[in-house]
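This is input-v9.cif (mmCIF, C-alpha atoms).
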```cif
data_input
#
loop_
_atom_site.label_atom_id
_atom_site.label_comp_id
_atom_site.auth_asym_id
_atom_site.auth_seq_id
_atom_site.Cartn_x
_atom_site.Cartn_y
_atom_site.Cartn_z
CA MET M 205 116.70 103.69 132.86
CA ARG M 206 117.10 107.33 131.95
CA PHE M 207 119.87 106.43 129.51
CA LEU M 208 117.65 103.77 127.97
CA HIS M 209 114.86 106.29 127.52
CA SER M 210 117.23 108.73 125.85
CA LEU M 211 118.52 106.08 123.49
CA VAL M 212 115.04 104.91 122.59
CA LEU M 213 114.15 108.46 121.65
CA LEU M 214 117.19 108.62 119.41
CA LEU M 215 116.71 105.27 117.75
CA GLY M 216 112.98 105.66 117.46
CA LEU M 217 113.43 108.48 114.98
CA ALA M 218 113.78 106.01 112.14
CA ALA M 219 110.39 104.62 113.04
CA THR M 220 108.45 107.86 113.39
CA GLN M 221 108.39 107.95 109.60
CA ALA M 222 106.79 104.53 109.14
CA GLN M 223 105.52 105.41 105.68
CA ALA M 224 107.88 104.12 103.01
CA TRP M 225 107.99 104.76 99.27
CA GLY M 226 105.20 107.32 99.30
CA ASN M 227 102.18 105.69 97.67
CA HIS M 228 102.89 101.97 97.22
CA SER M 229 100.29 101.68 94.46
CA LEU M 230 102.45 103.84 92.18
CA VAL M 231 105.34 101.39 92.29
CA SER M 232 103.13 98.30 92.37
CA TYR M 233 101.29 99.06 89.14
CA ARG M 234 104.67 99.24 87.39
CA ALA M 235 106.21 96.28 89.21
CA PHE M 236 103.38 93.88 88.34
CA GLU M 237 101.94 95.11 85.03
CA ARG M 238 104.33 92.98 82.93
CA MET M 239 104.44 89.96 85.25
CA PRO M 240 102.71 87.14 83.30
CA GLU M 241 101.02 85.70 86.40
CA VAL M 242 99.25 89.04 86.85
CA ALA M 243 98.96 90.43 83.34
CA ASN M 244 97.50 87.19 81.94
CA ALA M 245 95.14 86.47 84.85
CA SER M 246 91.41 86.74 84.23
CA SER M 247 89.29 89.49 85.74
CA VAL M 248 87.87 88.69 89.15
CA THR M 249 84.52 89.33 90.77
CA VAL M 250 84.47 91.84 93.60
CA GLU M 251 83.23 90.43 96.90
CA SER M 252 82.70 92.07 100.27
CA LEU M 253 84.86 91.06 103.21
CA GLU M 254 81.72 89.98 105.05
CA ALA M 255 80.77 87.58 102.24
CA PHE M 256 84.24 86.03 102.23
CA LEU M 257 84.24 85.59 106.01
CA ARG M 258 80.75 84.08 106.00
CA ALA M 259 81.62 81.57 103.28
CA GLU M 260 84.96 80.47 104.75
CA GLU M 261 84.41 80.83 108.49
CA ASN M 262 85.63 77.34 109.39
CA THR M 263 88.75 77.45 107.20
CA ILE M 264 89.58 80.91 108.53
CA GLU M 265 89.33 79.65 112.10
CA ALA M 266 91.89 76.94 111.32
CA LEU M 267 94.15 79.32 109.40
CA LEU M 268 94.28 81.98 112.12
CA ALA M 269 95.12 79.29 114.67
CA SER M 270 97.99 78.13 112.43
CA GLN M 271 99.19 81.73 112.04
CA GLU M 272 99.46 82.04 115.81
CA ALA M 273 101.40 78.78 116.05
CA TRP M 274 103.76 79.97 113.30
CA ALA M 275 104.37 83.30 115.04
CA LEU M 276 105.15 81.61 118.35
CA ALA M 277 107.63 79.32 116.62
CA HIS M 278 109.31 81.80 114.26
CA LEU M 279 109.23 85.32 115.72
CA LYS M 280 111.51 86.49 118.51
CA LYS M 281 109.90 88.56 121.26
CA TYR M 282 106.45 87.68 119.91
CA PRO M 283 103.67 88.56 122.38
CA PRO M 284 101.08 85.75 122.22
CA ARG M 285 97.59 86.69 121.13
CA PRO M 286 95.19 86.69 124.10
CA ALA M 287 93.18 83.47 124.05
CA GLU M 288 89.86 85.32 124.09
CA LEU M 289 90.70 86.92 120.71
CA ALA M 290 91.00 83.61 118.85
CA PHE M 291 88.62 83.44 115.89
CA ALA M 292 85.93 80.79 116.37
CA ALA M 293 83.35 79.90 113.73
CA ASP M 294 79.80 80.84 114.65
CA ALA M 295 77.23 80.70 111.86
CA SER M 296 74.56 82.28 114.06
CA ARG M 297 76.22 85.66 114.51
CA THR M 298 75.73 88.73 112.35
CA ASP M 299 78.08 89.72 109.56
CA GLU M 300 79.13 92.74 111.62
CA ALA M 301 80.02 90.59 114.63
CA ARG M 302 81.96 88.11 112.47
CA ARG M 303 83.92 90.92 110.82
CA LEU M 304 84.82 92.41 114.19
CA ALA M 305 85.93 89.02 115.51
CA PHE M 306 88.14 88.56 112.44
CA LEU M 307 89.80 91.96 112.75
CA MET M 308 90.44 91.51 116.45
CA ALA M 309 91.85 88.02 115.92
CA LEU M 310 94.32 89.55 113.46
CA ARG M 311 94.95 92.30 116.01
CA VAL M 312 94.42 95.13 113.51
CA ALA M 313 92.43 98.26 114.27
CA PRO M 314 88.75 97.26 114.51
CA ASN M 315 87.70 100.46 112.72
CA SER M 316 89.67 99.47 109.60
CA LYS M 317 87.55 100.16 106.54
CA PHE M 318 88.28 97.32 104.09
CA ALA M 319 86.10 99.24 101.64
CA LEU M 320 85.49 98.07 98.10
CA TYR M 321 87.58 100.45 96.02
CA LEU M 322 90.37 100.92 93.52
CA GLN M 323 93.22 103.37 93.65
CA THR M 324 93.68 104.78 90.18
CA ASP M 325 96.81 104.26 88.08
CA PRO M 326 98.13 107.65 86.87
CA TRP M 327 99.47 106.00 83.70
CA ASN M 328 96.09 104.47 82.85
CA PRO M 329 93.36 106.51 84.54
CA GLN M 330 90.16 104.58 85.20
CA SER M 331 86.69 106.09 85.24
CA GLY M 332 83.98 105.58 87.81
CA SER M 333 82.42 107.00 90.95
CA ALA M 334 84.99 108.80 93.07
CA LEU M 335 85.36 107.97 96.73
CA PRO M 336 86.57 110.41 99.39
CA ARG M 337 89.62 109.46 101.46
CA GLY M 338 87.42 108.93 104.51
CA ALA M 339 85.62 106.06 102.81
CA VAL M 340 88.80 103.97 102.57
CA SER M 341 90.91 105.21 105.48
CA SER M 342 90.50 106.07 109.14
CA LEU M 343 93.45 108.48 108.78
CA PRO M 344 93.39 111.96 107.21
CA GLU M 345 94.91 112.56 103.82
CA ALA M 346 98.53 113.74 103.80
CA PRO M 347 99.10 117.35 102.69
CA GLY M 348 99.69 117.58 98.96
CA SER M 349 98.42 114.08 98.23
CA SER M 350 97.18 113.37 94.72
CA ASP M 351 95.70 109.94 95.53
CA SER M 352 92.29 109.18 94.05
CA TYR M 353 89.86 106.35 94.70
CA LEU M 354 87.03 104.77 92.75
CA ALA M 355 84.07 102.97 94.30
CA LEU M 356 83.47 99.29 93.63
CA LYS M 357 80.48 97.16 94.52
CA ALA M 358 80.01 93.44 94.97
CA GLY M 359 79.66 91.75 91.60
CA ASP M 360 81.85 94.20 89.68
CA GLN M 361 84.67 92.80 87.54
CA VAL M 362 88.18 94.13 88.12
CA SER M 363 91.62 93.24 86.87
CA PRO M 364 93.96 91.41 89.25
CA LEU M 365 96.52 94.18 88.67
CA SER M 366 94.14 96.86 89.94
CA ALA M 367 93.07 94.84 92.99
CA LEU M 368 96.66 93.90 93.84
CA ALA M 369 98.29 97.29 93.28
CA SER M 370 95.55 99.18 95.11
CA ALA M 371 95.87 96.93 98.16
CA THR M 372 99.62 97.43 98.48
CA GLU M 373 98.87 100.89 99.90
CA GLU M 374 96.03 99.75 102.16
CA PRO M 375 98.04 99.19 105.38
CA GLU M 376 98.58 102.97 105.41
CA TYR M 377 94.83 103.47 105.88
CA GLY M 378 94.81 102.81 109.62
CA LEU M 379 95.17 99.04 110.02
CA ASP M 380 98.08 99.32 112.44
CA ILE M 381 97.07 102.44 114.34
CA ASN M 382 96.91 102.59 118.16
CA LEU M 383 97.38 98.87 118.83
CA PHE M 384 99.46 99.23 122.02
CA GLU M 385 98.18 99.55 125.56
CA ASP M 386 99.57 103.09 125.99
CA ASN M 387 97.89 104.38 122.81
CA PRO M 388 94.67 106.44 122.93
CA SER M 389 92.24 103.78 121.74
CA ASP M 390 89.60 101.42 123.10
CA TRP M 391 91.36 98.35 121.72
CA GLY M 392 95.09 98.78 122.38
CA GLY M 393 94.77 97.37 125.89
CA LEU M 394 93.00 94.26 124.59
CA TYR M 395 95.53 93.11 122.00
CA GLY M 396 98.44 92.01 124.16
CA PHE M 397 101.18 93.89 122.31
CA GLY M 398 102.21 95.68 125.51
CA THR M 399 103.45 99.26 125.47
CA GLN M 400 104.68 100.87 122.26
CA PRO M 401 108.39 99.99 121.99
CA PHE M 402 109.53 103.23 120.33
CA GLY M 403 108.13 106.44 118.95
CA ASN M 404 105.58 108.73 120.57
CA PRO M 405 102.55 106.63 121.66
CA ALA M 406 100.32 109.71 121.53
CA LEU M 407 100.87 110.16 117.78
CA ALA M 408 98.83 107.95 115.48
CA SER M 409 101.48 108.00 112.75
CA ALA M 410 104.12 106.83 115.22
CA SER M 411 101.94 104.08 116.67
CA GLN M 412 102.02 102.10 113.43
CA ALA M 413 105.81 102.25 113.17
CA PRO M 414 106.59 98.93 114.91
CA PHE M 415 104.47 97.17 112.27
CA HIS M 416 106.12 98.84 109.28
CA VAL M 417 109.80 98.72 110.19
CA ALA M 418 112.04 95.83 111.19
CA PHE M 419 115.58 96.34 112.43
CA LEU M 420 116.90 92.84 111.80
CA HIS M 421 120.61 93.47 111.19
CA GLU M 422 121.80 95.97 113.79
CA SER M 423 124.95 95.53 115.87
CA ARG M 424 124.97 93.37 118.96
CA MET M 425 125.90 96.54 120.87
CA LEU M 426 122.60 98.20 120.01
CA TYR M 427 120.48 95.13 120.66
CA LEU M 428 122.04 94.86 124.12
CA ALA M 429 121.66 98.57 124.84
CA VAL M 430 118.09 98.86 123.56
CA PRO M 431 116.38 95.45 123.32
CA LEU M 432 113.10 97.22 122.50
CA ILE M 433 114.23 97.73 118.91
CA GLY M 434 113.64 94.01 118.42
CA ARG M 435 109.94 94.38 119.19
CA THR M 436 108.68 94.87 115.64
CA PHE M 437 105.81 93.11 113.92
CA LEU M 438 106.37 93.55 110.20
CA LEU M 439 107.13 89.84 109.72
CA LEU M 440 103.89 88.96 111.52
CA ARG M 441 101.75 91.13 109.26
CA SER M 442 103.43 89.84 106.11
CA HIS M 443 102.73 86.23 107.11
CA GLN M 444 99.15 86.89 108.22
CA PHE M 445 98.06 88.45 104.96
CA SER M 446 100.09 86.15 102.68
CA THR M 447 98.48 83.05 104.18
CA LEU M 448 95.04 84.66 104.01
CA SER M 449 95.72 85.35 100.33
CA SER M 450 96.63 81.73 99.67
CA LEU M 451 93.51 80.54 101.50
CA ALA M 452 91.32 82.89 99.46
CA PHE M 453 92.80 81.63 96.19
CA ARG M 454 92.42 77.98 97.25
CA THR M 455 88.78 78.43 98.19
CA GLY M 456 87.68 80.30 95.06
CA HIS M 457 87.70 83.90 96.33
CA ALA M 458 90.14 85.32 93.81
CA TYR M 459 89.35 88.97 94.55
CA TRP M 460 90.44 88.53 98.15
CA GLY M 461 93.36 86.41 97.00
CA TRP M 462 94.76 89.37 95.08
CA ARG M 463 93.77 91.90 97.70
CA PHE M 464 95.28 90.05 100.67
CA ALA M 465 98.40 89.50 98.55
CA GLY M 466 98.69 93.26 98.10
CA LEU M 467 98.28 93.82 101.83
CA SER M 468 101.06 91.34 102.57
CA LEU M 469 103.40 92.80 99.96
CA HIS M 470 103.06 96.27 101.47
CA TYR M 471 105.16 95.12 104.41
CA LEU M 472 107.74 93.49 102.15
CA GLN M 473 107.99 96.72 100.16
CA ASP M 474 108.42 98.71 103.36
CA LEU M 475 111.43 96.57 104.19
CA THR M 476 113.11 97.34 100.85
CA GLN M 477 113.33 100.99 101.99
CA PRO M 478 116.70 101.34 103.79
CA TYR M 479 115.31 103.81 106.32
CA ASN M 480 112.77 101.17 107.39
CA ALA M 481 115.40 98.42 107.65
CA ALA M 482 118.31 100.29 109.28
CA LEU M 483 118.04 102.43 112.38
CA ALA M 484 120.41 105.15 111.26
CA PRO M 485 121.96 104.76 107.81
CA SER M 486 125.59 105.94 107.64
CA TYR M 487 125.91 106.35 111.44
CA SER M 488 127.79 103.86 113.57
CA SER M 489 126.42 102.29 116.74
CA ALA M 490 129.13 104.08 118.69
CA LYS M 491 128.03 107.46 117.36
CA LEU M 492 124.40 106.76 118.23
CA LEU M 493 125.32 105.78 121.76
CA THR M 494 127.55 108.83 122.11
CA ALA M 495 124.81 111.17 120.90
CA SER M 496 122.38 109.70 123.42
CA ALA M 497 124.90 109.92 126.26
CA LEU M 498 125.60 113.57 125.46
CA ALA M 499 121.89 114.36 125.29
CA MET M 500 121.39 112.73 128.67
CA ALA M 501 124.21 114.92 130.03
CA GLY M 502 122.47 118.07 128.85
CA MET M 503 124.26 118.46 125.51
CA PRO M 504 121.60 117.59 122.90
CA THR M 505 123.18 119.20 119.81
CA MET M 506 124.62 116.03 118.33
CA LYS M 507 121.40 114.12 118.90
CA SER M 508 119.33 116.92 117.36
CA GLU M 509 121.53 116.97 114.28
CA LEU M 510 121.22 113.22 113.84
CA LEU M 511 117.45 113.41 114.24
CA SER M 512 117.20 116.16 111.65
CA VAL M 513 119.36 114.49 109.02
CA LEU M 514 117.74 111.07 109.32
CA SER M 515 114.16 112.32 109.48
CA ASN M 516 114.69 114.76 106.60
CA SER M 517 116.42 112.09 104.50
CA HIS M 518 113.63 109.59 104.98
CA ARG M 519 110.91 112.04 103.99
CA LEU M 520 112.84 113.40 101.03
CA LEU M 521 113.60 109.96 99.65
CA ASP M 522 109.90 109.06 99.67
CA ARG M 523 108.98 112.40 98.15
CA TYR M 524 111.63 112.15 95.44
CA GLN M 525 110.45 108.71 94.39
CA SER M 526 106.78 109.75 94.26
CA GLU M 527 107.41 112.97 92.36
CA CYS M 528 109.57 111.20 89.78
CA LEU M 529 106.95 108.52 89.13
CA LEU M 530 104.08 110.99 88.98
CA ARG M 531 105.95 113.27 86.58
CA ALA M 532 106.77 110.33 84.31
CA ALA M 533 103.09 109.32 84.32
CA ALA M 534 101.95 112.85 83.53
CA ARG M 535 104.37 112.99 80.59
CA GLN M 536 103.76 109.35 79.60
CA GLN M 537 107.53 108.98 79.36
CA GLU M 538 109.23 105.94 80.85
CA THR M 539 112.33 106.76 82.89
CA GLY M 540 115.01 104.67 84.51
CA LEU M 541 112.76 104.16 87.53
CA GLU M 542 109.96 102.57 85.51
CA LYS M 543 112.50 100.42 83.66
CA ALA M 544 113.91 99.23 86.97
CA LEU M 545 110.44 98.33 88.26
CA HIS M 546 109.72 96.40 85.05
CA ALA M 547 112.99 94.41 85.15
CA ILE M 548 111.62 90.89 85.58
CA ASP M 549 114.99 89.41 84.62
CA ARG M 550 116.25 90.43 88.08
CA ASP M 551 113.84 88.08 89.84
CA LYS M 552 115.82 84.88 89.26
CA GLY M 553 118.90 86.41 90.87
CA TYR M 554 117.43 85.75 94.32
CA PRO M 555 116.73 82.56 96.28
CA ASP M 556 113.34 80.89 96.18
CA TRP M 557 110.68 82.31 98.47
CA SER M 558 110.71 81.02 102.05
CA ASP M 559 109.90 82.09 105.60
CA HIS M 560 113.44 83.51 105.77
CA TYR M 561 113.32 85.58 102.57
CA LEU M 562 112.28 88.84 104.22
CA ARG M 563 115.04 88.65 106.82
CA ASP M 564 117.88 87.08 104.88
CA VAL M 565 117.33 88.62 101.45
CA VAL M 566 115.14 91.75 101.54
CA SER M 567 116.26 93.26 104.83
CA ALA M 568 119.93 92.32 104.44
CA GLN M 569 120.04 93.94 101.01
CA ALA M 570 118.31 97.11 102.20
CA VAL M 571 120.75 97.47 105.08
CA ARG M 572 123.73 97.11 102.73
CA ALA M 573 122.27 99.86 100.53
CA ALA M 574 121.60 102.22 103.44
CA ALA M 575 124.94 104.01 103.82
CA PRO M 576 125.58 104.59 100.07
CA LEU M 577 122.03 105.90 99.72
CA ALA M 578 122.46 108.29 102.65
CA GLN M 579 125.65 109.60 101.08
CA ALA M 580 123.98 110.11 97.71
CA LEU M 581 121.09 111.98 99.34
CA SER M 582 123.32 114.29 101.38
CA ALA M 583 125.47 115.08 98.33
CA ALA M 584 122.46 115.89 96.15
CA ILE M 585 120.54 117.79 98.87
CA PRO M 586 123.03 119.37 101.29
CA ALA M 587 120.23 121.20 103.11
CA LEU M 588 119.23 117.92 104.78
CA SER M 589 121.69 118.69 107.55
CA ASP M 590 119.93 122.00 108.32
CA PRO M 591 117.82 121.57 111.51
CA GLY M 592 115.33 124.06 110.09
CA PHE M 593 114.93 122.23 106.80
CA ALA M 594 111.64 120.58 107.73
CA ALA M 595 109.98 123.96 108.32
CA HIS M 596 110.35 125.00 104.67
CA GLU M 597 110.58 121.60 103.01
CA THR M 598 107.11 121.78 101.45
CA ASP M 599 108.05 125.07 99.75
CA ILE M 600 110.84 123.37 97.83
CA LYS M 601 110.12 122.16 94.32
CA LEU M 602 112.26 119.12 94.77
CA LEU M 603 112.77 118.01 91.18
CA ASP M 604 113.43 121.56 90.02
CA GLU M 605 115.91 122.03 92.84
CA LEU M 606 117.71 118.80 92.00
CA SER M 607 117.93 119.80 88.34
CA LYS M 608 120.25 122.62 89.44
CA ARG M 609 122.62 120.29 91.22
CA ASP M 610 125.86 118.93 89.84
CA GLY M 611 125.11 116.33 87.16
CA ALA M 612 127.25 113.66 88.79
CA GLU M 613 125.52 114.10 92.16
CA ARG M 614 122.09 113.94 90.55
CA ALA M 615 123.03 110.88 88.51
CA ARG M 616 124.33 109.16 91.63
CA LEU M 617 120.99 109.69 93.40
CA GLU M 618 118.98 108.60 90.36
CA SER M 619 121.07 105.45 90.07
CA ALA M 620 120.63 104.65 93.76
CA MET M 621 116.86 105.13 93.49
CA ALA M 622 116.63 102.95 90.38
CA GLU M 623 118.56 100.19 92.13
CA LEU M 624 116.25 100.32 95.14
CA LEU M 625 113.10 100.23 93.03
CA GLY M 626 114.52 97.40 90.97
CA ASN M 627 114.98 95.48 94.22
CA LEU M 628 111.44 96.35 95.30
CA GLY M 629 109.99 95.09 92.03
CA ALA M 630 111.91 91.82 92.07
CA HIS M 631 111.14 91.04 95.71
CA SER M 632 107.47 91.94 95.26
CA ARG M 633 107.12 89.56 92.33
CA ASN M 634 109.01 86.80 94.14
CA GLY M 635 106.78 87.29 97.16
CA LEU M 636 103.68 87.02 94.99
CA ARG M 637 105.01 83.86 93.38
CA GLY M 638 105.46 82.40 96.84
CA ILE M 639 101.84 83.20 97.69
CA LEU M 640 100.58 81.70 94.42
CA ARG M 641 102.62 78.52 94.92
CA ALA M 642 101.18 78.14 98.41
CA SER M 643 97.71 78.67 96.96
CA ASP M 644 98.01 75.63 94.69
CA PRO M 645 95.12 76.85 92.53
CA PRO M 646 93.27 74.34 90.32
#
```
What's the structure tokens form of this structure?
Amino acid sequence: MRFLHSLVLLLGLAATQAQAWGNHSLVSYRAFERMPEVANASSVTVESLEAFLRAEENTIEALLASQEAWALAHLKKYPPRPAELAFAADASRTDEARRLAFLMALRVAPNSKFALYLQTDPWNPQSGSALPRGAVSSLPEAPGSSDSYLALKAGDQVSPLSALASATEEPEYGLDINLFEDNPSDWGGLYGFGTQPFGNPALASASQAPFHVAFLHESRMLYLAVPLIGRTFLLLRSHQFSTLSSLAFRTGHAYWGWRFAGLSLHYLQDLTQPYNAALAPSYSSAKLLTASALAMAGMPTMKSELLSVLSNSHRLLDRYQSECLLRAAARQQETGLEKALHAIDRDKGYPDWSDHYLRDVVSAQAVRAAAPLAQALSAAIPALSDPGFAAHETDIKLLDELSKRDGAERARLESAMAELLGNLGAHSRNGLRGILRASDPP
């Protein structure tokens, strides 16, 4: 048991950084802005969540029951939803009670905001009443964040692109926080997810990790040694919100169709990030097991070095992507990253959307890209292997620092990043097409 605990600590490092790709809205605006199904769609009328739930209470009851049946049939190690959380139509209850019943039936944090808002596009800044972070998220703003939010109200008209792209970042606003029975919340013990499988259950950022990562292609050795790594719920969330999106489109609630689509695609986009799909890019199962065994024996150096490199690499990759996209927006100059996100011709190179697409296409591709990416990062930023790197990371002007590196090393990293974002764009559009086909709109 002690060995298991040690190994979980080692392998859980990839999940303590559940955030992937920095701000998803940045990549989503570019990925969808030239997609005809989005660009040519008519503006939609903003509607509160309460109004949608009130209008479609009976269809939502049936849908959430079908979601549970799907999860039981398709997801390994799925913990059944407690029967008392099933959503049941009740026209006599208040909007507040109906909303709470809906959130608890989905098993998301009941204090989730679901505010009416837009996240602004840095390439095409919108005007309006600004909202503070606390109005849209139950979590504090990350240091150095440049995110900005605009208030919406019921009846406003918004573009599908804005509703969709804004919502792709929304799962980072607290939806998946403290949902396990050993987390410090009033609801974790009610949801039936059991104890948190990896990461520190006392840290809010770590508690969402099992919903934002999915280790679907690890070695049999690791699955046998640490079966807890199979207890992830990314596929569940993707299915829940994609089917809600299709229902909203079918029943004439286009705003929530686009918004639920964005929520679902967040989880798909997370899985395109190799550090969310692979436990330890560039490290073998044998090395992971050895590092854990040595740590258990009182020799933690190897484990500490692995933790440092992987944690630093994950953070720096996200930061590099965000800084590149924000700089391009500020200069209004398209780079290779924007071109990769726009590359709609890539979409047909993948199979049609299905229940297996996330596992067999998105995750498998991200895992294949993991080791080459890790090598490109370590070559371009050698300091990643320094255990003290995290302490002074925020003082580094990353793009300026990279500009001093060898041109071949920098080009290798830029090429790897463009390839990853090209994958993200193609899979996001294919996922949206799958939702729209299931919607069967008039």
What would the selection look like, as a ChimeraX atom specification, if the PyMOL selection byres ((chain M and resi 549-554) around 7) were run on the coordinates I just shared?
/M:547-548,555-556,630,634
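Proximity of M:Asn387, M:Thr324, M:Thr447, M:Ser232 to Glu272 of chain M, computed with only C-alpha atoms, is greatest for M:Thr447.
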Evaluate the PyMOL selection byres ((chain M and resi 606) around 12) and report residues as a PyMOL selection string:
chain M and resi 520+524+527-528+581-587+600-605+607-618
Take the residues from that selection and write them out as an mmCIF file, in the coordinates of the input, keeping C-alpha atoms.
```
data_model
loop_
_atom_site.group_PDB
_atom_site.id
_atom_site.type_symbol
_atom_site.label_atom_id
_atom_site.label_comp_id
_atom_site.auth_asym_id
_atom_site.auth_seq_id
_atom_site.Cartn_x
_atom_site.Cartn_y
_atom_site.Cartn_z
ATOM 1 C CA LEU M 520 112.840 113.400 101.030
ATOM 2 C CA TYR M 524 111.630 112.150 95.440
ATOM 3 C CA GLU M 527 107.410 112.970 92.360
ATOM 4 C CA CYS M 528 109.570 111.200 89.780
ATOM 5 C CA LEU M 581 121.090 111.980 99.340
ATOM 6 C CA SER M 582 123.320 114.290 101.380
ATOM 7 C CA ALA M 583 125.470 115.080 98.330
ATOM 8 C CA ALA M 584 122.460 115.890 96.150
ATOM 9 C CA ILE M 585 120.540 117.790 98.870
ATOM 10 C CA PRO M 586 123.030 119.370 101.290
ATOM 11 C CA ALA M 587 120.230 121.200 103.110
ATOM 12 C CA ILE M 600 110.840 123.370 97.830
ATOM 13 C CA LYS M 601 110.120 122.160 94.320
ATOM 14 C CA LEU M 602 112.260 119.120 94.770
ATOM 15 C CA LEU M 603 112.770 118.010 91.180
ATOM 16 C CA ASP M 604 113.430 121.560 90.020
ATOM 17 C CA GLU M 605 115.910 122.030 92.840
ATOM 18 C CA SER M 607 117.930 119.800 88.340
ATOM 19 C CA LYS M 608 120.250 122.620 89.440
ATOM 20 C CA ARG M 609 122.620 120.290 91.220
ATOM 21 C CA ASP M 610 125.860 118.930 89.840
ATOM 22 C CA GLY M 611 125.110 116.330 87.160
ATOM 23 C CA ALA M 612 127.250 113.660 88.790
ATOM 24 C CA GLU M 613 125.520 114.100 92.160
ATOM 25 C CA ARG M 614 122.090 113.940 90.550
ATOM 26 C CA ALA M 615 123.030 110.880 88.510
ATOM 27 C CA ARG M 616 124.330 109.160 91.630
ATOM 28 C CA LEU M 617 120.990 109.690 93.400
ATOM 29 C CA GLU M 618 118.980 108.600 90.360
#
```
Select from segment 371-395 of chain M every residue with an atom at most 7 Å from any atom of segment 461-484 of chain M, then for each give the shortest pair of atoms and their distance in Å to one decimal, using only C-alpha atoms, rows by chain and rising number, as a tab-separated table.
```
residue	atom	partner	partner_atom	distance
M:Ala371	CA	M:Gly466	CA	4.6
M:Thr372	CA	M:Gly466	CA	4.3
M:Glu373	CA	M:His470	CA	6.4
M:Glu374	CA	M:Leu467	CA	6.4
M:Pro375	CA	M:Leu467	CA	6.4
```
I'd like the contact shell of segment 414-425 of chain M - 9 Å cut-off, all atoms listed in the file, skipping same-chain residues fewer than 5 positions apart - returned as a ChimeraX atom specification.
/M:218-219,222-224,375,380,400-403,430,433-441,470-471,474-475,479-483,489-490,563,567-568,571
Now that the selection is made, can you save its residues with C-alpha atoms as a compact mmCIF listing (two decimals), keeping the file's coordinate frame?
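Contents of part.txt, freshly written:
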```txt
# COMPACT_ATOMS: atom_id res chain seq x y z
CA ALA M 218 113.78 106.01 112.14
CA ALA M 219 110.39 104.62 113.04
CA ALA M 222 106.79 104.53 109.14
CA GLN M 223 105.52 105.41 105.68
CA ALA M 224 107.88 104.12 103.01
CA PRO M 375 98.04 99.19 105.38
CA ASP M 380 98.08 99.32 112.44
CA GLN M 400 104.68 100.87 122.26
CA PRO M 401 108.39 99.99 121.99
CA PHE M 402 109.53 103.23 120.33
CA GLY M 403 108.13 106.44 118.95
CA VAL M 430 118.09 98.86 123.56
CA ILE M 433 114.23 97.73 118.91
CA GLY M 434 113.64 94.01 118.42
CA ARG M 435 109.94 94.38 119.19
CA THR M 436 108.68 94.87 115.64
CA PHE M 437 105.81 93.11 113.92
CA LEU M 438 106.37 93.55 110.20
CA LEU M 439 107.13 89.84 109.72
CA LEU M 440 103.89 88.96 111.52
CA ARG M 441 101.75 91.13 109.26
CA HIS M 470 103.06 96.27 101.47
CA TYR M 471 105.16 95.12 104.41
CA ASP M 474 108.42 98.71 103.36
CA LEU M 475 111.43 96.57 104.19
CA TYR M 479 115.31 103.81 106.32
CA ASN M 480 112.77 101.17 107.39
CA ALA M 481 115.40 98.42 107.65
CA ALA M 482 118.31 100.29 109.28
CA LEU M 483 118.04 102.43 112.38
CA SER M 489 126.42 102.29 116.74
CA ALA M 490 129.13 104.08 118.69
CA ARG M 563 115.04 88.65 106.82
CA SER M 567 116.26 93.26 104.83
CA ALA M 568 119.93 92.32 104.44
CA VAL M 571 120.75 97.47 105.08
```
Can you measure atom CA of Arg454 of chain M to atom CA of Asp644 of chain M for me? One decimal in Å is fine.
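Straight-line distance from atom CA of Arg454 of chain M to atom CA of Asp644 of chain M works out to 6.6 Å.
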Name the residues that the PyMOL selection byres ((chain M and resi 346-359) around 10) pulls out of this structure, and write them as an MDAnalysis selection string.
chainID M and resid 226:227 229:230 248:253 255 319:326 329:337 339:340 343:345 360:362 370 530 598
Nearest to Leu310 of chain M by atom-to-atom distance, counting only C-alpha atoms, from M:Leu521, M:Ala533, M:Leu511, M:Leu289:
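Using only C-alpha atoms, the shortest distance to Leu310 of chain M belongs to M:Leu289.
With all atoms listed in the file as the atoms that count, the residue of M:Thr455, M:Ser442, M:Ser389, M:Ser341 with the shortest distance to Thr263 of chain M is M:Thr455.
Across the model, the gap from atom CA of Met506 of chain M to atom CA of Leu493 of chain M is 10.8 Å.
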Between atom CA of Gln525 of chain M and atom CA of Glu241 of chain M, measure the distance and give it in Å to one decimal.
26.1 Å
Leaving out Trp557 of chain M and any residue of its chain fewer than 5 positions from it, which residues lie within 10 Å of it when counting all atoms listed in the file, given as a compact mmCIF listing (two decimals) with C-alpha atoms, in the frame of the given file?
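Saved to out-v9.txt:
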```
# COMPACT_ATOMS: atom_id res chain seq x y z
CA LEU M 562 112.28 88.84 104.22
CA VAL M 565 117.33 88.62 101.45
CA HIS M 631 111.14 91.04 95.71
CA ASN M 634 109.01 86.80 94.14
CA GLY M 635 106.78 87.29 97.16
CA LEU M 636 103.68 87.02 94.99
CA ARG M 637 105.01 83.86 93.38
CA GLY M 638 105.46 82.40 96.84
CA ILE M 639 101.84 83.20 97.69
CA ARG M 641 102.62 78.52 94.92
```
